[in-house]
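Chemist: Mind having a look at this structure? Questions to follow.
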Amino acid sequence: MPPKQPMLPELVEGPELGLRQVQPAFHALSGGPLILDGGLATQLEAQGADLGSALWSARLLADDPDAIVAAHRAYFAAGAQFATTASYQASVAGFAGIGMGRAEAEGLIRRSVELAQQARSTCGDERQRWIAGSVGPYGAALADGSEYRGDYGVSVAELREWHRPRIALLADAGADLLALETIPCLAEVEALLAELDGTGVPCWLSLTCAGEQTRAGEPAAEAFAMVRDVKEVLAVGVNCLDPADALGLVRQATELSGRPAVVYPNSGEQWDAHARAWTGSASFSAEDVQAWLDAGARLIGGCCRVGPSEIAAISSIIGAQPA
């Protein structure tokens, strides 16, 4: 028996960031699956970019913004309907670490949205496309691999305070929704949901997991259940994980949250945080897409080491789905 179709919440007005106009993506989720992009860093490296700094692709917001636009365009050309901004590692504190003042850092975070919008404006057809403002985990800004462990030793209150400026900047810059992505622990899920609850800013939430647990070793099911009463969360699921682990988590996400699922795994290769290199063989297959769809996924793409060719394959499969 196919799973019960998850329902979308109604967005509500909130006091902090204000009620955002309900975006077409919100309604589009009710009509069928949508295609996400792949790994932004993957495409930037394929274009020849050097991502060796602690800021990874976020450094290019200052050094080579045209490369970011080109990467977004490559994914749009492959069939992606979303551009995920180059703000995953971006933070005011991180930019301060390389000598930038607060105003300049805030401007670069805003620029991540503007560059994605620029890429979208060059698309020559009438297909709907959206900008997802990337809100990566606290550990990504530390550049020590802790986003794959979740062992921050930081309180929920401190995490809320750290995430708050970027959330506000991305929303104010005009992102259609926020991608709360690669979240490795329940404390950070709690912090992000508390920040978004009542704001009216739409988002998706995706965990990074191993098996059925967060990277911190907690039941992912607990995080999926936490979103049920937060109306700003349009979809919940997983990213930046082994493709083999995705299906069971997609089923849990839709069942426990009452939302459509979002899923965008890695290629299947493993990241060595100490060596800062990928190891092993790729196992990502667009053939997995149908199983994810059947389990309730409505936002589907790829993460690290998944490029435009894989997104094109996903697009071919999703394009054949009935409306």
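So you can find residues: chains in the structure tokens are A, B, ... in the order shown, residues in each start at 1, and ligands are numbered from 1 in order.
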I'd like the neighbourhood of range 288-303 of chain A as a list of chain:residue names, where a residue qualifies if any of its atoms comes within 6 Å (using only C-alpha atoms), though same-chain residues fewer than 4 positions away should be ignored.
Modeler: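 What passes the distance filter is A:Pro33, A:Leu34, A:Ile35, A:Leu36, A:Asp37, A:Gly38, A:Gly39, A:Cys240, A:Leu247, A:Arg251, A:Pro260, A:Ala261, A:Val262, A:Val263, A:Tyr264, A:Pro265, A:Asn266.
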Chemist: From the DSSP assignment of the backbone, select every residue of range 54-231 of chain A that is alpha helix (DSSP H), and format the answer as an NGL selection string.
Modeler: :A and (60-63 or 65-78 or 92-96 or 102-121 or 138-142 or 156-173 or 186-196 or 220-226)
Chemist: Would you return as number ranges by chain the members of range 66-296 of chain A that DSSP assigns to strand (DSSP E or B) on this structure's backbone?
Modeler: A: 82-84, 130-135, 177-183, 203-207, 209-210, 213-214, 219, 233-239, 261-264, 270-272, 277-279
Chemist: So that I can see what lies close to Ala71 in chain A, please list as number ranges by chain the residues with an atom at most 12 Å from it, counting only C-alpha atoms and leaving out residues fewer than 3 positions away in the same chain.
Modeler: A: 37-49, 57, 60, 64-68, 74-78, 80, 83-86, 115-116, 118-120, 307-308
Chemist: Using only C-alpha atoms, which of the listed residues (A:Ser155, A:Ser112, A:Ser146, A:Ser134) sits closest to Leu205 in chain A?
Modeler: A:Ser134
Chemist: Which residue out of A:Ala286, A:Ala253, A:Ala171, A:Leu186 has the minimum interatomic distance to Ala312 in chain A when only C-alpha atoms are used?
Modeler: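 Of the candidates, the smallest distance to Ala312 in chain A is held by A:Ala286.
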Chemist: Within 10 Å of Gly280 in chain A, counting only C-alpha atoms, which residues qualify if same-chain residues fewer than 2 places away don't, as a PyMOL selection string?
Modeler: chain A and resi 267-271+278+282-283
Chemist: Taking 5 positions as the minimum chain separation for residues in the same chain, which residues sit within 10 Å of range 89-106 of chain A when counting only C-alpha atoms? Answer as number ranges by chain.
Modeler: A: 54-59, 61-62, 111-112, 134-143, 162-163, 165-166, 169-170
Chemist: The selected residues should be written to file as a JSON list (two decimals), in the first residue's frame (atoms: N, CA and C atoms).
Modeler:
```
[["chain", "number", "residue", "atom", "x", "y", "z"],
["A", 54, "ALA", "N", 39.37, 27.24, 4.66],
["A", 54, "ALA", "CA", 38.39, 26.81, 5.65],
["A", 54, "ALA", "C", 36.98, 27.23, 5.26],
["A", 55, "LEU", "N", 36.85, 28.24, 4.43],
["A", 55, "LEU", "CA", 35.53, 28.72, 4.01],
["A", 55, "LEU", "C", 34.98, 27.97, 2.80],
["A", 56, "TRP", "N", 35.76, 27.06, 2.21],
["A", 56, "TRP", "CA", 35.33, 26.28, 1.06],
["A", 56, "TRP", "C", 34.73, 27.20, 0.00],
["A", 57, "SER", "N", 33.56, 26.81, -0.52],
["A", 57, "SER", "CA", 32.96, 27.57, -1.62],
["A", 57, "SER", "C", 32.56, 28.97, -1.21],
["A", 58, "ALA", "N", 32.32, 29.21, 0.09],
["A", 58, "ALA", "CA", 31.93, 30.55, 0.52],
["A", 58, "ALA", "C", 33.01, 31.59, 0.22],
["A", 59, "ARG", "N", 34.27, 31.15, 0.17],
["A", 59, "ARG", "CA", 35.36, 32.10, -0.14],
["A", 59, "ARG", "C", 35.18, 32.70, -1.53],
["A", 61, "LEU", "N", 32.54, 33.71, -2.86],
["A", 61, "LEU", "CA", 31.61, 34.84, -2.85],
["A", 61, "LEU", "C", 32.37, 36.15, -2.98],
["A", 62, "ALA", "N", 33.57, 36.20, -2.43],
["A", 62, "ALA", "CA", 34.41, 37.38, -2.55],
["A", 62, "ALA", "C", 35.39, 37.28, -3.70],
["A", 111, "ARG", "N", 25.03, 38.33, -0.93],
["A", 111, "ARG", "CA", 25.45, 38.09, -2.32],
["A", 111, "ARG", "C", 25.18, 36.66, -2.75],
["A", 112, "SER", "N", 25.24, 35.71, -1.83],
["A", 112, "SER", "CA", 25.00, 34.32, -2.21],
["A", 112, "SER", "C", 23.61, 34.16, -2.82],
["A", 134, "SER", "N", 21.06, 28.40, 1.77],
["A", 134, "SER", "CA", 21.70, 27.31, 2.51],
["A", 134, "SER", "C", 22.09, 27.77, 3.92],
["A", 135, "VAL", "N", 21.53, 27.08, 4.91],
["A", 135, "VAL", "CA", 21.90, 27.27, 6.32],
["A", 135, "VAL", "C", 22.59, 25.99, 6.77],
["A", 136, "GLY", "N", 23.90, 25.95, 6.58],
["A", 136, "GLY", "CA", 24.66, 24.78, 6.97],
["A", 136, "GLY", "C", 24.86, 24.71, 8.47],
["A", 137, "PRO", "N", 25.36, 23.60, 8.99],
["A", 137, "PRO", "CA", 25.49, 23.42, 10.43],
["A", 137, "PRO", "C", 26.63, 24.24, 11.02],
["A", 138, "TYR", "N", 26.56, 24.41, 12.31],
["A", 138, "TYR", "CA", 27.62, 25.12, 13.06],
["A", 138, "TYR", "C", 28.98, 24.50, 12.77],
["A", 139, "GLY", "N", 29.04, 23.17, 12.69],
["A", 139, "GLY", "CA", 30.31, 22.50, 12.49],
["A", 139, "GLY", "C", 30.97, 22.81, 11.15],
["A", 140, "ALA", "N", 30.17, 23.15, 10.14],
["A", 140, "ALA", "CA", 30.76, 23.47, 8.84],
["A", 140, "ALA", "C", 31.64, 24.70, 8.93],
["A", 141, "ALA", "N", 31.23, 25.67, 9.73],
["A", 141, "ALA", "CA", 32.02, 26.89, 9.87],
["A", 141, "ALA", "C", 33.29, 26.66, 10.68],
["A", 142, "LEU", "N", 33.30, 25.58, 11.50],
["A", 142, "LEU", "CA", 34.51, 25.27, 12.27],
["A", 142, "LEU", "C", 35.58, 24.63, 11.40],
["A", 143, "ALA", "N", 35.16, 24.02, 10.28],
["A", 143, "ALA", "CA", 36.09, 23.40, 9.33],
["A", 143, "ALA", "C", 36.97, 22.35, 9.99],
["A", 162, "TRP", "N", 24.07, 31.85, 17.23],
["A", 162, "TRP", "CA", 25.03, 31.77, 16.12],
["A", 162, "TRP", "C", 24.32, 31.73, 14.77],
["A", 163, "HIS", "N", 23.22, 30.99, 14.66],
["A", 163, "HIS", "CA", 22.52, 30.84, 13.40],
["A", 163, "HIS", "C", 21.68, 32.08, 13.04],
["A", 165, "PRO", "N", 21.88, 35.46, 12.74],
["A", 165, "PRO", "CA", 22.19, 36.48, 11.72],
["A", 165, "PRO", "C", 22.09, 35.96, 10.30],
["A", 166, "ARG", "N", 22.60, 34.78, 10.03],
["A", 166, "ARG", "CA", 22.58, 34.27, 8.65],
["A", 166, "ARG", "C", 21.15, 34.00, 8.20],
["A", 169, "LEU", "N", 19.66, 37.30, 7.29],
["A", 169, "LEU", "CA", 20.24, 37.87, 6.07],
["A", 169, "LEU", "C", 19.73, 37.16, 4.83],
["A", 170, "LEU", "N", 19.69, 35.83, 4.85],
["A", 170, "LEU", "CA", 19.23, 35.08, 3.68],
["A", 170, "LEU", "C", 17.76, 35.34, 3.40]]
```
Chemist: Using only C-alpha atoms for the distances, tell me which of A:Arg215, A:Arg127, A:Arg259, A:His274 is nearest to Ala187 in chain A.
Modeler: A:Arg215
